[in-house]
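What follows is a single structure, written as structure tokens, with notes after it.
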Amino acid sequence: MILTVTLNAAIDRTVAVPNFRLGRRHRAVESRTVAGGKGINVARALNLLGRPVIATGFVGGPSGTRVLEELHDESVLTDFIEIAAETRVNLAVIDPTSGDQTEINERGPAVSAEETKRLFDRIGYLANGTKICVLAGSLPPGAGDDLYARLIADLRRREVPVVLDAEGEAMHAGVRAGAAMVTPNEREAEELVGQEFADPTDLATGLLELVRLGAEEAAITRPAGCVAAVGHNAERRLLEIHTEPLEAVSTVGSGDAFVAGYVAARYEGRSEEECLAYGVAAGAESTQHFGAGSVDRNQVERLLGGVSVHDLEVPAEV
């Protein structure tokens, strides 16, 4: 089983508004409301890719009940901790004429120490049948910036590898705790290592710094694919995975689809190169859909043939 953890779940509403302008009145031409949060998006995509997955995390109030109902309707297995506060609601506005998207995300409900302990215990119980775990998204107020790090340490003791997709101090702490794979985008990776990426040398330096900080492996996602550091010690390799970008319907959740594709392939025991390529294909295919975490398994397999994997070209001194 694959376990995904969403500590700041949401109801995600996405609307398409042509020629969107601030301060104007508009009429949406399309809308979709789904259960959201990065870990939930990953679970949705994994389910559509045909892999066994169970989603856990925090939900609360009527919005939390709707999250569970939406996931039930999508045939995604769940085992969430119910909290006293109300699950947040997020809004994304997509302008189909320009491709621009504007996201408005609520901070999320606070959790208590007792609720956090229940979640920690629940994940420990679920870990008994888990082959790989995904920790994804922001932390709710009250959880503590070290919660991901604590979960990673506990799961490592249980020999469950963790894929971490977060940002800020929660990501810093999770990297230092030894996540098996971290998947920041370029902006998040720049923040983690404290420098901007202007060329392949910077990307290589950034990948190696993520590993030096504690991650076993790292992938930095980009619009046309990713760069990654895989393997260990003398067998460490720096790779670039590339695909031709598709004309996007929406890029919301493409990073979550990348994580799902990577984890789906890793669950099946595929090589590092194959896992990353499948992730890139899933991320690219997800841009053809309106709503985060939506992928077509057959189209992902078709796109896989157009994904290239090669060594990242960097100076020898790096």
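Just so we're on the same page: first chain in the structure tokens is A, next is B, and so on; residues restart at 1 for each chain, and ligands are numbered from 1 in the order they show up.
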Item checked: Nearby residues (only C-alpha atoms) at most 10 Å from A:Asp154, same-chain spacing under 6 positions excluded, as a PyMOL selection string -> chain A and resi 120+123-124+127+148+160+177
Those same residues - N, CA and C atoms - I'd like them written as a compact mmCIF listing (two decimals), in the first residue's frame.
# COMPACT_ATOMS: atom_id res chain seq x y z
N PHE A 120 -0.17 11.15 14.69
CA PHE A 120 1.12 10.48 14.73
C PHE A 120 0.93 8.98 14.98
N ILE A 123 -0.64 7.22 11.84
CA ILE A 123 0.34 6.97 10.78
C ILE A 123 1.24 5.79 11.16
N GLY A 124 1.62 5.71 12.43
CA GLY A 124 2.41 4.58 12.88
C GLY A 124 1.69 3.26 12.68
N ALA A 127 1.52 2.48 8.94
CA ALA A 127 2.84 2.17 8.38
C ALA A 127 3.09 0.67 8.31
N TYR A 148 6.87 17.08 10.27
CA TYR A 148 7.34 16.22 9.18
C TYR A 148 8.63 15.51 9.58
N VAL A 160 10.15 2.52 6.32
CA VAL A 160 9.22 3.01 5.30
C VAL A 160 9.83 4.27 4.69
N ALA A 177 15.94 15.54 8.38
CA ALA A 177 15.56 14.28 9.02
C ALA A 177 15.84 13.07 8.13
Tell me which protein, DNA and RNA residues are within 9 Å of A:Ala180, counting only C-alpha atoms, leaving out same-chain ones fewer than 6 positions away, and put them as a PyMOL selection string.
chain A and resi 152+156+161-164+215-218
Atomic distance atom CA of A:Asn19 - atom CA of A:Thr97, expressed in Å with one decimal
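Here the two named atoms are 6.3 Å from each other.
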Separation of atom CA of A:Met171 from atom CA of A:Asn8, in Å and rounded to one decimal: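 For atom CA of A:Met171 relative to atom CA of A:Asn8, the distance reads 14.6 Å.
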Residue with the minimum atom-to-atom distance to A:Leu139, picked from A:Leu7, A:Ala84, A:Ala260, A:Ala28 with only C-alpha atoms counted, is A:Leu7
In Å to one decimal, how far is atom CA of A:Ser250 from atom CA of A:Ala282?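 Answer for the atom CA of A:Ala282 to atom CA of A:Ser250 separation: 13.7 Å.
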